[in-house]
There are 2 protein chains.
Amino acid sequence: MPRPDDSSTRSRPTSADVARLAGVSPTTVSLVLADKADRISDVTKEKVFAAVAQLDYRLNRTAQGLRHGRSSTIGLITDHIGVQPYSGPMVSAAHDVTWENRQMILMVNTTLEDDRTRSAVEDLLARQVDGILFAAIGTRTIHVPAPARRARVALVNAFANDGDFPTFLPDERGGARALARHLVQLGHREIATLAGTREAWATSVRVQETQAVLRSAGLSLGNRLFYGDYTFTTGYSLAQRVLELTPSPTALICGNDQMAAGAYLALARHGLRVPQDMTVVGYDDEPVATMLTPTLTTVRLPFYELGRRATLALLGKEPLEPGEELIPTTLRIRESSAPPAS
Amino acid sequence: MPRPDDSSTRSRPTSADVARLAGVSPTTVSLVLADKADRISDVTKEKVFAAVAQLDYRLNRTAQGLRHGRSSTIGLITDHIGVQPYSGPMVSAAHDVTWENRQMILMVNTTLEDDRTRSAVEDLLARQVDGILFAAIGTRTIHVPAPARRARVALVNAFANDGDFPTFLPDERGGARALARHLVQLGHREIATLAGTREAWATSVRVQETQAVLRSAGLSLGNRLFYGDYTFTTGYSLAQRVLELTPSPTALICGNDQMAAGAYLALARHGLRVPQDMTVVGYDDEPVATMLTPTLTTVRLPFYELGRRATLALLGKEPLEPGEELIPTTLRIRESSAPPAS
DNA sequence: CTGAAAGCGCTTACAG
DNA sequence: CTGAAAGCGCTTACAG
């Protein structure tokens, strides 16, 4: 029967123990284990490795960090670690990149409130993190606490309201334009938008760009613009309101894939088919987009890529420069968009 | 303009710097900051705090950890950090509990493959974590690498295939029975099951318990048992197959809420109403359950609670004992279940 | 009420 | 080719 407490108090062997057993100095042990042992004889190396194996020794990275002044650890501060499906890919990416570089992530969820964020930064700095990543689920403005400048800093899907930090953002404008052009090119003229949360930056940018594209095609959203909150529920309920409009729209731009899924259900209950009776499109390209029948045309937001690029920069694998870096979005054309019924 | 590199090389003040500025010894600084300063005069304390403020000093937790032999950090090893909505609440809970206890989490996603898990454990131990949490998204068996015993260990939603570790599991059997009884009590006799992945432990346990309840009511699933994979897509497609059965079932037990949502769409396209024409129920109680119209009757799986209890135990706030601890599941009765049409 | 000294487990410049 | 010594930034038992 395992006795965790017991076995963990049995104090772990140190490099001094290894040195003693191998009959060499701690210097030699350190050199061998750090692979800086060009000058050490093979026979000595063997003795060290044998002692390491015999003692089941592992290097104490805390002590090493103290000596080096680097911890090989970065901090990740987020607003909603548990919110799906957005945080998943960003966190996964940050994780994968750090893991590939033999580093680790200390994760703190502060909702990005100023007080909690400040104390998270303090705590991370006290733990000697080499860098701090600030990541938001929905693009938003955050206040980066001043002490954070003591470490390397990068922002993912967020703007700093003061100071000029390296910032990685999705190209929302490009995505919104591509989506609107797609619908116009299919021949839609009565296009409705079930937008997301009115206060969200992404919402207003997408609506702006959509309107700009329609305008240059001699069209307009007119009274076919509704605001929800990016949930399935508001997609369902707003879709019902759209169906009361005259003339009826032929295409529905939903604020995200969740809202599009809600719209599917509302349309089905009205006996309307996608895309024959109504084109439906979304944003995000989350897993449900390909699970819906018909599959959903949507704008892929590069959450994984955002996390990846920011983390690579934070770790110094790519340049870390102040200013905004736009990561491309991609229009995924699938079955849910088609020309309007003539 | 911030120059991260520059400012981070400006070496941080140490407790010795604080001592010098305050005109006291490092001993006194340590005592004051650790709040073990009963015996220190107020005037001396003030001098220390003033020096701390002036230098913007923060304690080096790495050095402190080396001295104490504890890191105030735990490791979290998961199989799918990015999988929604399951990992969210478990990770959130682990985070919240550690944060409340002034600890932090080092997160590693290994897919729980043996090799990656072993090296993650090595790395976490090298970083002197005080404990390691192994968490799986879907309940499964894992191999806990032997060296993990050097730290405190707890398992969330997973069984160890060797050794007897503290293990926190959802009470799947109780949930499945409650759900089946609910349908029987409503008067359903032709009940279909759109189960999840056939190989998953939760799937087989739920099917077993469902059949046991039906049997004791003189009923049976008969040929109304189908296996999917816990996705929206299989909920949609299997629901269509159910609709071809004669006599038609009056209730649908879906493997999870995602499959139930898929079933909603299929039913809507067949012109069938929930619950008047078909009762639909799920498992998980994820956010979509209350977003669907009608709201979904489902079995709440205690993901947050699982993460919370395991982390409290790992941190020593609750007993950490080998053996399985079942966390209750809850039947959430909502609008999607009703008596069959007579 | 306060301080000098040793030590946590490493690494590195230096010496031989 | 290898080792003795100092030091990373803390804390603690001991002394006064």
# chains A, B, ... in the order shown; residues from 1 in each chain; ligands from 1
$ closest_atom_pairs --of "chain D" --to "chain A" --cutoff "9 Å" --atoms "only C-alpha atoms (C1' of nucleotides)" --output "Markdown table"
| residue | atom | partner | partner_atom | distance |
| --- | --- | --- | --- | --- |
| D:DC1 | C1' | A:Ile40 | CA | 6.0 |
| D:DT2 | C1' | A:Thr28 | CA | 7.1 |
| D:DG3 | C1' | A:Ser25 | CA | 6.1 |
| D:DG7 | C1' | A:Arg67 | CA | 8.3 |
| D:DC8 | C1' | A:Arg67 | CA | 4.3 |
| D:DG9 | C1' | A:Leu66 | CA | 7.6 |
$ write_last_selection --atoms "N, CA, C and O atoms (P, O5', C5', C4', C3', O3' and C1' of nucleotides)" --output "PDB file, in the first residue's frame"
ATOM      1  P    DC D   1      40.560  14.364 -21.795  1.00  0.00           P
ATOM      2  O5'  DC D   1      40.522  14.474 -20.212  1.00  0.00           O
ATOM      3  C5'  DC D   1      40.573  13.302 -19.425  1.00  0.00           C
ATOM      4  C4'  DC D   1      40.708  13.753 -18.018  1.00  0.00           C
ATOM      5  C3'  DC D   1      39.385  13.912 -17.256  1.00  0.00           C
ATOM      6  O3'  DC D   1      39.391  12.993 -16.166  1.00  0.00           O
ATOM      7  C1'  DC D   1      40.847  15.765 -16.890  1.00  0.00           C
ATOM      8  P    DT D   2      38.117  12.793 -15.308  1.00  0.00           P
ATOM      9  O5'  DT D   2      38.294  13.888 -14.199  1.00  0.00           O
ATOM     10  C5'  DT D   2      39.239  13.658 -13.142  1.00  0.00           C
ATOM     11  C4'  DT D   2      39.262  14.838 -12.212  1.00  0.00           C
ATOM     12  C3'  DT D   2      37.977  15.093 -11.423  1.00  0.00           C
ATOM     13  O3'  DT D   2      38.240  14.692 -10.091  1.00  0.00           O
ATOM     14  C1'  DT D   2      39.019  17.112 -12.165  1.00  0.00           C
ATOM     15  P    DG D   3      37.132  14.856  -8.971  1.00  0.00           P
ATOM     16  O5'  DG D   3      37.591  16.215  -8.262  1.00  0.00           O
ATOM     17  C5'  DG D   3      38.936  16.322  -7.819  1.00  0.00           C
ATOM     18  C4'  DG D   3      39.121  17.610  -7.046  1.00  0.00           C
ATOM     19  C3'  DG D   3      38.040  17.904  -6.014  1.00  0.00           C
ATOM     20  O3'  DG D   3      38.677  18.547  -4.923  1.00  0.00           O
ATOM     21  C1'  DG D   3      38.093  19.644  -7.612  1.00  0.00           C
ATOM     22  P    DG D   7      31.533  34.972  -2.539  1.00  0.00           P
ATOM     23  O5'  DG D   7      30.145  34.629  -3.229  1.00  0.00           O
ATOM     24  C5'  DG D   7      30.085  34.480  -4.647  1.00  0.00           C
ATOM     25  C4'  DG D   7      28.698  33.996  -4.993  1.00  0.00           C
ATOM     26  C3'  DG D   7      27.601  34.600  -4.115  1.00  0.00           C
ATOM     27  O3'  DG D   7      26.517  34.959  -4.935  1.00  0.00           O
ATOM     28  C1'  DG D   7      27.458  32.282  -4.086  1.00  0.00           C
ATOM     29  P    DC D   8      25.508  36.114  -4.485  1.00  0.00           P
ATOM     30  O5'  DC D   8      24.153  35.699  -5.202  1.00  0.00           O
ATOM     31  C5'  DC D   8      24.107  35.348  -6.579  1.00  0.00           C
ATOM     32  C4'  DC D   8      22.922  34.424  -6.765  1.00  0.00           C
ATOM     33  C3'  DC D   8      21.768  34.720  -5.815  1.00  0.00           C
ATOM     34  O3'  DC D   8      20.861  35.610  -6.470  1.00  0.00           O
ATOM     35  C1'  DC D   8      22.229  32.355  -5.923  1.00  0.00           C
ATOM     36  P    DG D   9      20.459  36.974  -5.773  1.00  0.00           P
ATOM     37  O5'  DG D   9      19.421  36.506  -4.675  1.00  0.00           O
ATOM     38  C5'  DG D   9      18.208  35.903  -5.089  1.00  0.00           C
ATOM     39  C4'  DG D   9      17.495  35.358  -3.879  1.00  0.00           C
ATOM     40  C3'  DG D   9      17.260  36.369  -2.760  1.00  0.00           C
ATOM     41  O3'  DG D   9      15.928  36.234  -2.322  1.00  0.00           O
ATOM     42  C1'  DG D   9      18.291  34.465  -1.901  1.00  0.00           C
TER      43       DG D   9
END
$ calpha_fit_and_write --fixed "chain A" --moving "chain B" --output "compact mmCIF listing (two decimals) with C-alpha atoms, in the first residue's frame"
# COMPACT_ATOMS: atom_id res chain seq x y z
CA MET B 1 -0.10 0.21 0.17
CA PRO B 2 1.34 3.58 -0.82
CA ARG B 3 2.03 6.00 1.96
CA PRO B 4 2.51 9.28 0.16
CA ASP B 5 3.45 11.26 3.22
CA ASP B 6 5.97 8.73 4.32
CA SER B 7 7.73 8.39 1.01
CA SER B 8 7.87 12.10 0.36
CA THR B 9 9.61 12.80 3.62
CA ARG B 10 12.31 10.30 2.78
CA SER B 11 14.61 13.05 1.63
CA ARG B 12 15.65 12.99 -1.97
CA PRO B 13 19.23 12.37 -3.03
CA THR B 14 21.25 15.44 -4.00
CA SER B 15 24.06 15.93 -6.45
CA ALA B 16 26.41 15.63 -3.46
CA ASP B 17 25.06 12.14 -2.80
CA VAL B 18 25.64 11.22 -6.41
CA ALA B 19 29.17 12.62 -6.25
CA ARG B 20 29.94 10.65 -3.12
CA LEU B 21 28.66 7.40 -4.55
CA ALA B 22 30.43 7.91 -7.87
CA GLY B 23 33.63 8.93 -6.13
CA VAL B 24 33.82 12.29 -7.94
CA SER B 25 33.18 15.93 -7.08
CA PRO B 26 29.83 17.71 -7.32
CA THR B 27 31.43 19.81 -10.04
CA THR B 28 31.87 16.76 -12.19
CA VAL B 29 28.31 15.59 -11.54
CA SER B 30 26.97 18.96 -12.57
CA LEU B 31 29.08 19.04 -15.72
CA VAL B 32 28.04 15.55 -16.76
CA LEU B 33 24.35 16.12 -16.16
CA ALA B 34 24.36 19.48 -17.89
CA ASP B 35 25.94 17.84 -20.91
CA LYS B 36 28.88 20.22 -20.71
CA ALA B 37 31.19 17.30 -20.21
CA ASP B 38 33.37 17.40 -23.32
CA ARG B 39 36.35 17.42 -21.08
CA ILE B 40 35.17 14.63 -18.76
CA SER B 41 36.42 11.12 -19.49
CA ASP B 42 33.94 8.52 -20.57
CA VAL B 43 34.71 6.29 -17.65
CA THR B 44 33.93 9.10 -15.19
CA LYS B 45 30.69 9.87 -17.02
CA GLU B 46 29.68 6.26 -16.68
CA LYS B 47 30.31 6.31 -12.97
CA VAL B 48 28.11 9.37 -12.63
CA PHE B 49 25.28 7.92 -14.65
CA ALA B 50 25.48 4.69 -12.68
CA ALA B 51 25.23 6.58 -9.41
CA VAL B 52 22.31 8.63 -10.73
CA ALA B 53 20.48 5.48 -11.70
CA GLN B 54 21.24 3.70 -8.47
CA LEU B 55 20.00 6.59 -6.33
CA ASP B 56 17.12 7.42 -8.66
CA TYR B 57 18.45 10.95 -8.53
CA ARG B 58 16.78 13.88 -10.23
CA LEU B 59 18.10 17.36 -10.48
CA ASN B 60 16.45 19.96 -8.30
CA ARG B 61 15.24 22.56 -10.75
CA THR B 62 14.41 24.95 -7.94
CA ALA B 63 18.00 25.09 -6.85
CA GLN B 64 19.12 25.28 -10.44
CA GLY B 65 16.70 28.13 -11.04
CA LEU B 66 17.98 30.02 -8.04
CA ARG B 67 21.51 29.70 -9.30
CA HIS B 68 20.66 30.60 -12.89
CA GLY B 69 18.22 33.35 -12.15
CA ARG B 70 15.81 31.72 -14.59
CA SER B 71 12.96 29.41 -13.72
CA SER B 72 12.11 27.92 -17.12
CA THR B 73 8.55 28.69 -16.20
CA ILE B 74 6.10 31.20 -17.61
CA GLY B 75 2.90 32.53 -16.14
CA LEU B 76 -0.43 32.42 -17.94
CA ILE B 77 -3.06 34.88 -16.70
CA THR B 78 -6.53 34.43 -18.19
CA ASP B 79 -9.99 35.73 -17.63
CA HIS B 80 -11.97 32.51 -17.98
CA ILE B 81 -9.96 29.35 -17.97
CA GLY B 82 -13.10 27.28 -18.03
CA VAL B 83 -14.92 28.85 -20.94
CA GLN B 84 -15.33 26.65 -23.92
CA PRO B 85 -14.44 26.38 -26.69
CA TYR B 86 -12.34 29.50 -26.80
CA SER B 87 -9.87 29.08 -24.00
CA GLY B 88 -9.11 25.47 -24.91
CA PRO B 89 -7.01 26.02 -28.03
CA MET B 90 -5.22 29.10 -26.66
CA VAL B 91 -4.26 27.33 -23.48
CA SER B 92 -3.38 24.16 -25.40
CA ALA B 93 -1.10 26.11 -27.68
CA ALA B 94 0.65 27.87 -24.84
CA HIS B 95 1.07 24.51 -23.18
CA ASP B 96 2.39 22.73 -26.26
CA VAL B 97 4.96 25.39 -27.05
CA THR B 98 6.25 25.56 -23.49
CA TRP B 99 6.39 21.78 -23.25
CA GLU B 100 8.35 21.53 -26.50
CA ASN B 101 10.84 23.96 -24.99
CA ARG B 102 11.12 22.09 -21.71
CA GLN B 103 9.41 24.86 -19.86
CA MET B 104 6.23 24.84 -17.85
CA ILE B 105 3.19 27.02 -17.28
CA LEU B 106 1.90 28.43 -14.04
CA MET B 107 -1.73 29.16 -14.66
CA VAL B 108 -3.84 31.81 -12.94
CA ASN B 109 -7.40 32.70 -13.65
CA THR B 110 -8.07 36.24 -12.49
CA THR B 111 -11.05 37.17 -14.65
CA LEU B 112 -8.53 39.91 -15.56
CA GLU B 113 -9.91 42.10 -12.80
CA ASP B 114 -7.30 44.64 -11.81
CA ASP B 115 -6.87 43.59 -8.18
CA ARG B 116 -6.63 39.88 -8.80
CA THR B 117 -4.42 40.41 -11.81
CA ARG B 118 -2.07 42.59 -9.84
CA SER B 119 -1.67 40.03 -7.09
CA ALA B 120 -1.29 37.23 -9.61
CA VAL B 121 1.53 39.15 -11.24
CA GLU B 122 3.18 39.68 -7.86
CA ASP B 123 2.93 36.01 -7.09
CA LEU B 124 4.25 34.95 -10.48
CA LEU B 125 7.19 37.32 -10.19
CA ALA B 126 7.91 36.02 -6.71
CA ARG B 127 8.10 32.60 -8.30
CA GLN B 128 10.62 33.98 -10.76
CA VAL B 129 8.70 33.34 -13.95
CA ASP B 130 10.62 34.23 -17.09
CA GLY B 131 7.59 35.69 -18.79
CA ILE B 132 3.88 36.37 -18.41
CA LEU B 133 1.17 35.78 -20.98
CA PHE B 134 -2.12 37.65 -20.62
CA ALA B 135 -4.91 35.91 -22.49
CA ALA B 136 -8.54 36.93 -22.87
CA ILE B 137 -11.34 34.76 -24.18
CA GLY B 138 -13.18 37.51 -25.99
CA THR B 139 -10.99 40.30 -27.32
CA ARG B 140 -10.91 43.05 -24.72
CA THR B 141 -8.87 45.79 -23.14
CA ILE B 142 -6.92 44.99 -20.02
CA HIS B 143 -4.72 46.83 -17.60
CA VAL B 144 -1.28 45.26 -17.36
CA PRO B 145 0.04 45.89 -13.84
CA ALA B 146 3.26 47.88 -13.91
CA PRO B 147 5.39 45.27 -12.09
CA ALA B 148 4.74 42.85 -14.96
CA ARG B 149 7.37 44.76 -16.90
CA ARG B 150 9.96 43.03 -14.78
CA ALA B 151 9.28 39.92 -16.83
CA ARG B 152 8.74 39.48 -20.53
CA VAL B 153 5.12 40.14 -21.42
CA ALA B 154 2.83 39.23 -24.29
CA LEU B 155 -0.91 39.75 -24.78
CA VAL B 156 -3.20 37.31 -26.53
CA ASN B 157 -6.56 38.45 -27.79
CA ALA B 158 -6.36 41.56 -25.64
CA PHE B 159 -5.27 45.20 -25.84
CA ALA B 160 -3.32 46.93 -23.09
CA ASN B 161 -4.93 50.20 -22.06
CA ASP B 162 -1.56 51.65 -21.19
CA GLY B 163 1.88 50.99 -22.56
CA ASP B 164 2.80 49.29 -25.74
CA PHE B 165 3.12 45.55 -25.29
CA PRO B 166 3.54 42.79 -27.84
CA THR B 167 -0.05 41.97 -28.72
CA PHE B 168 -1.44 39.08 -30.75
CA LEU B 169 -4.90 39.55 -32.20
CA PRO B 170 -7.13 37.75 -34.69
CA ASP B 171 -7.75 39.60 -37.93
CA GLU B 172 -11.45 40.13 -37.22
CA ARG B 173 -11.88 42.78 -39.91
CA GLY B 174 -10.52 40.56 -42.64
CA GLY B 175 -12.73 37.69 -41.50
CA ALA B 176 -15.89 39.77 -41.41
CA ARG B 177 -15.24 41.18 -44.87
CA ALA B 178 -14.55 37.77 -46.38
CA LEU B 179 -17.77 36.41 -44.91
CA ALA B 180 -19.90 39.31 -46.11
CA ARG B 181 -18.37 39.19 -49.58
CA HIS B 182 -19.09 35.47 -49.77
CA LEU B 183 -22.78 36.10 -49.16
CA VAL B 184 -22.92 39.00 -51.60
CA GLN B 185 -21.22 36.93 -54.25
CA LEU B 186 -23.75 34.13 -53.74
CA GLY B 187 -26.39 36.69 -54.65
CA HIS B 188 -27.93 37.44 -51.27
CA ARG B 189 -29.43 40.90 -50.96
CA GLU B 190 -31.57 40.61 -47.82
CA ILE B 191 -28.96 39.71 -45.24
CA ALA B 192 -29.66 39.65 -41.49
CA THR B 193 -27.14 39.75 -38.69
CA LEU B 194 -27.66 38.09 -35.31
CA ALA B 195 -24.71 39.78 -33.68
CA GLY B 196 -23.08 38.83 -30.40
CA THR B 197 -22.81 40.91 -27.26
CA ARG B 198 -23.26 44.56 -28.19
CA GLU B 199 -20.43 45.76 -25.93
CA ALA B 200 -17.83 43.33 -27.25
CA TRP B 201 -15.10 44.73 -29.45
CA ALA B 202 -15.39 41.84 -31.91
CA THR B 203 -19.11 42.47 -32.29
CA SER B 204 -18.78 46.07 -33.31
CA VAL B 205 -15.84 45.45 -35.61
CA ARG B 206 -17.69 42.67 -37.42
CA VAL B 207 -20.86 44.71 -37.81
CA GLN B 208 -18.83 47.66 -39.12
CA GLU B 209 -17.05 45.58 -41.71
CA THR B 210 -20.20 43.76 -42.75
CA GLN B 211 -21.94 47.07 -43.33
CA ALA B 212 -18.97 48.41 -45.27
CA VAL B 213 -19.01 45.44 -47.64
CA LEU B 214 -22.78 45.64 -48.10
CA ARG B 215 -22.62 49.36 -48.74
CA SER B 216 -20.05 48.98 -51.48
CA ALA B 217 -22.38 46.42 -53.06
CA GLY B 218 -25.27 48.84 -52.87
CA LEU B 219 -26.85 46.93 -50.00
CA SER B 220 -27.49 47.51 -46.31
CA LEU B 221 -28.45 45.60 -43.18
CA GLY B 222 -31.33 47.96 -42.66
CA ASN B 223 -33.53 46.79 -39.79
CA ARG B 224 -32.11 43.29 -39.98
CA LEU B 225 -29.54 43.79 -37.22
CA PHE B 226 -30.11 42.17 -33.81
CA TYR B 227 -27.86 41.80 -30.80
CA GLY B 228 -27.60 38.69 -28.62
CA ASP B 229 -24.89 37.43 -26.32
CA TYR B 230 -23.04 34.71 -28.23
CA THR B 231 -25.12 31.92 -26.71
CA PHE B 232 -27.16 29.16 -28.34
CA THR B 233 -30.23 30.60 -26.64
CA THR B 234 -30.03 34.01 -28.26
CA GLY B 235 -29.32 32.41 -31.63
CA TYR B 236 -32.55 30.47 -31.23
CA SER B 237 -34.70 33.39 -30.10
CA LEU B 238 -33.31 36.02 -32.47
CA ALA B 239 -33.74 33.68 -35.43
CA GLN B 240 -37.44 33.57 -34.62
CA ARG B 241 -37.62 37.35 -34.71
CA VAL B 242 -35.85 37.40 -38.07
CA LEU B 243 -38.52 35.10 -39.45
CA GLU B 244 -41.15 37.75 -38.75
CA LEU B 245 -39.46 40.29 -41.04
CA THR B 246 -40.87 41.25 -44.42
CA PRO B 247 -39.37 40.73 -46.86
CA SER B 248 -37.80 37.67 -45.34
CA PRO B 249 -33.98 37.66 -45.32
CA THR B 250 -32.29 34.89 -47.26
CA ALA B 251 -29.10 34.77 -45.21
CA LEU B 252 -28.26 34.90 -41.53
CA ILE B 253 -24.88 36.00 -40.22
CA CYS B 254 -24.66 34.66 -36.67
CA GLY B 255 -22.30 36.09 -34.05
CA ASN B 256 -20.70 32.71 -33.51
CA ASP B 257 -21.23 29.02 -34.16
CA GLN B 258 -23.24 28.58 -30.98
CA MET B 259 -25.76 31.15 -32.15
CA ALA B 260 -25.81 29.51 -35.56
CA ALA B 261 -26.63 26.17 -33.93
CA GLY B 262 -29.49 27.85 -32.08
CA ALA B 263 -30.69 29.34 -35.35
CA TYR B 264 -30.64 25.87 -36.95
CA LEU B 265 -33.05 24.61 -34.32
CA ALA B 266 -35.40 27.57 -34.71
CA LEU B 267 -35.40 27.23 -38.50
CA ALA B 268 -36.04 23.49 -38.29
CA ARG B 269 -39.07 24.11 -36.10
CA HIS B 270 -40.41 26.53 -38.67
CA GLY B 271 -40.00 23.89 -41.33
CA LEU B 272 -37.24 25.82 -43.04
CA ARG B 273 -34.28 24.08 -44.62
CA VAL B 274 -30.63 25.16 -44.50
CA PRO B 275 -29.40 26.31 -46.98
CA GLN B 276 -32.31 25.94 -49.43
CA ASP B 277 -34.59 28.26 -47.51
CA MET B 278 -32.00 30.13 -45.49
CA THR B 279 -28.24 30.46 -45.62
CA VAL B 280 -26.70 30.40 -42.13
CA VAL B 281 -23.11 31.32 -41.30
CA GLY B 282 -21.14 31.80 -38.10
CA TYR B 283 -17.82 32.71 -36.54
CA ASP B 284 -15.24 30.62 -34.64
CA ASP B 285 -15.14 27.30 -36.46
CA GLU B 286 -15.50 25.44 -33.21
CA PRO B 287 -16.10 21.67 -33.34
CA VAL B 288 -19.87 21.99 -33.61
CA ALA B 289 -19.45 23.72 -36.98
CA THR B 290 -18.63 20.44 -38.70
CA MET B 291 -21.04 18.45 -36.55
CA LEU B 292 -24.12 20.32 -37.65
CA THR B 293 -26.14 19.02 -40.55
CA PRO B 294 -25.61 20.71 -42.94
CA THR B 295 -22.04 21.62 -41.97
CA LEU B 296 -21.64 25.28 -41.15
CA THR B 297 -19.89 27.96 -43.19
CA THR B 298 -17.95 30.00 -40.66
CA VAL B 299 -14.95 32.23 -40.08
CA ARG B 300 -12.19 30.32 -38.38
CA LEU B 301 -10.67 32.30 -35.51
CA PRO B 302 -7.05 31.31 -35.00
CA PHE B 303 -7.12 30.63 -31.25
CA TYR B 304 -4.44 27.98 -31.33
CA GLU B 305 -2.23 30.04 -33.57
CA LEU B 306 -2.67 33.09 -31.35
CA GLY B 307 -1.53 31.16 -28.31
CA ARG B 308 1.29 29.58 -30.23
CA ARG B 309 2.74 32.74 -31.69
CA ALA B 310 2.51 34.65 -28.44
CA THR B 311 4.19 31.86 -26.50
CA LEU B 312 6.97 31.44 -29.04
CA ALA B 313 7.66 35.14 -28.79
CA LEU B 314 7.52 35.09 -25.03
CA LEU B 315 10.06 32.27 -24.95
CA GLY B 316 12.32 34.16 -27.30
CA LYS B 317 11.88 31.73 -30.17
CA GLU B 318 10.43 34.52 -32.25
CA PRO B 319 10.95 38.27 -31.93
CA LEU B 320 9.04 39.86 -29.06
CA GLU B 321 8.25 43.36 -30.17
CA PRO B 322 5.76 45.95 -28.94
CA GLY B 323 2.81 46.44 -31.26
CA GLU B 324 -0.07 44.49 -32.70
CA GLU B 325 0.40 41.36 -34.72
CA LEU B 326 -2.69 40.29 -36.63
CA ILE B 327 -3.13 36.55 -37.10
CA PRO B 328 -5.19 35.70 -40.18
CA THR B 329 -8.72 34.42 -39.94
CA THR B 330 -10.01 32.01 -42.58
CA LEU B 331 -13.36 31.70 -44.26
CA ARG B 332 -14.48 28.06 -44.17
CA ILE B 333 -17.09 27.57 -46.84
CA ARG B 334 -19.26 24.54 -46.08
CA GLU B 335 -22.76 23.34 -46.84
CA SER B 336 -24.84 25.93 -45.00
CA SER B 337 -24.32 28.71 -47.52
CA ALA B 338 -25.81 28.67 -51.00
CA PRO B 339 -27.41 31.09 -53.46
CA PRO B 340 -30.86 32.30 -52.42
CA ALA B 341 -33.87 30.51 -53.84
CA SER B 342 -34.75 32.39 -57.02
$ select_by_dssp --residues "range 38-239 of chain A" --states "alpha helix (DSSP H)" --output "PyMOL selection string"
chain A and resi 42-55+61-68+87-100+114-126+172-186+201-216+232-239
$ select_by_dssp --residues "range 56-225 of chain A" --states "strand (DSSP E or B)" --output "MDAnalysis selection string"
chainID A and resid 73:78 104:109 131:142 152:160 166:170 191:195 225
$ decode --residues "range 5-15 of chain D" --atoms "N, CA, C and O atoms (P, O5', C5', C4', C3', O3' and C1' of nucleotides)" --output "compact mmCIF listing (two decimals), in the first residue's frame"
# COMPACT_ATOMS: atom_id res chain seq x y z
P DA D 5 38.58 24.48 -0.20
O5' DA D 5 37.75 25.60 -0.98
C5' DA D 5 38.43 26.44 -1.90
C4' DA D 5 37.54 27.61 -2.28
C3' DA D 5 36.62 28.08 -1.15
O3' DA D 5 36.46 29.48 -1.28
C1' DA D 5 35.30 27.39 -2.95
P DA D 6 35.74 30.37 -0.18
O5' DA D 6 34.81 31.31 -1.07
C5' DA D 6 35.24 31.63 -2.39
C4' DA D 6 34.04 32.06 -3.21
C3' DA D 6 32.96 32.80 -2.39
O3' DA D 6 32.46 33.84 -3.19
C1' DA D 6 32.01 30.92 -3.42
P DG D 7 31.53 34.97 -2.54
O5' DG D 7 30.14 34.63 -3.23
C5' DG D 7 30.08 34.48 -4.65
C4' DG D 7 28.70 34.00 -4.99
C3' DG D 7 27.60 34.60 -4.11
O3' DG D 7 26.52 34.96 -4.94
C1' DG D 7 27.46 32.28 -4.09
P DC D 8 25.51 36.11 -4.48
O5' DC D 8 24.15 35.70 -5.20
C5' DC D 8 24.11 35.35 -6.58
C4' DC D 8 22.92 34.42 -6.76
C3' DC D 8 21.77 34.72 -5.81
O3' DC D 8 20.86 35.61 -6.47
C1' DC D 8 22.23 32.36 -5.92
P DG D 9 20.46 36.97 -5.77
O5' DG D 9 19.42 36.51 -4.67
C5' DG D 9 18.21 35.90 -5.09
C4' DG D 9 17.49 35.36 -3.88
C3' DG D 9 17.26 36.37 -2.76
O3' DG D 9 15.93 36.23 -2.32
C1' DG D 9 18.29 34.46 -1.90
P DC D 10 15.23 37.21 -1.34
O5' DC D 10 14.32 36.14 -0.61
C5' DC D 10 14.50 35.87 0.76
C4' DC D 10 14.53 34.38 0.95
C3' DC D 10 14.31 33.97 2.40
O3' DC D 10 12.94 33.64 2.56
C1' DC D 10 16.24 32.88 1.49
P DT D 11 12.27 33.74 3.97
O5' DT D 11 13.00 32.60 4.82
C5' DT D 11 12.72 31.25 4.52
C4' DT D 11 13.40 30.38 5.55
C3' DT D 11 12.94 30.63 6.98
O3' DT D 11 12.84 29.35 7.58
C1' DT D 11 15.29 30.88 6.85
P DT D 12 11.90 29.12 8.82
O5' DT D 12 12.87 28.35 9.82
C5' DT D 12 13.96 27.59 9.29
C4' DT D 12 15.00 27.44 10.36
C3' DT D 12 14.49 27.71 11.79
O3' DT D 12 15.16 26.79 12.64
C1' DT D 12 16.29 29.14 11.33
P DA D 13 14.35 26.13 13.85
O5' DA D 13 15.53 25.68 14.80
C5' DA D 13 16.58 24.89 14.24
C4' DA D 13 17.90 25.33 14.82
C3' DA D 13 17.92 25.41 16.35
O3' DA D 13 19.16 24.91 16.79
C1' DA D 13 18.49 27.52 15.44
P DC D 14 19.40 24.67 18.38
O5' DC D 14 20.34 25.91 18.72
C5' DC D 14 21.51 26.14 17.92
C4' DC D 14 22.06 27.50 18.23
C3' DC D 14 22.12 27.85 19.73
O3' DC D 14 23.49 27.94 20.10
C1' DC D 14 21.37 29.68 18.40
P DA D 15 23.84 28.17 21.64
O5' DA D 15 24.36 29.67 21.62
C5' DA D 15 25.03 30.15 20.45
C4' DA D 15 25.14 31.65 20.54
C3' DA D 15 25.37 32.18 21.96
O3' DA D 15 26.42 33.13 21.91
C1' DA D 15 23.53 33.28 20.96
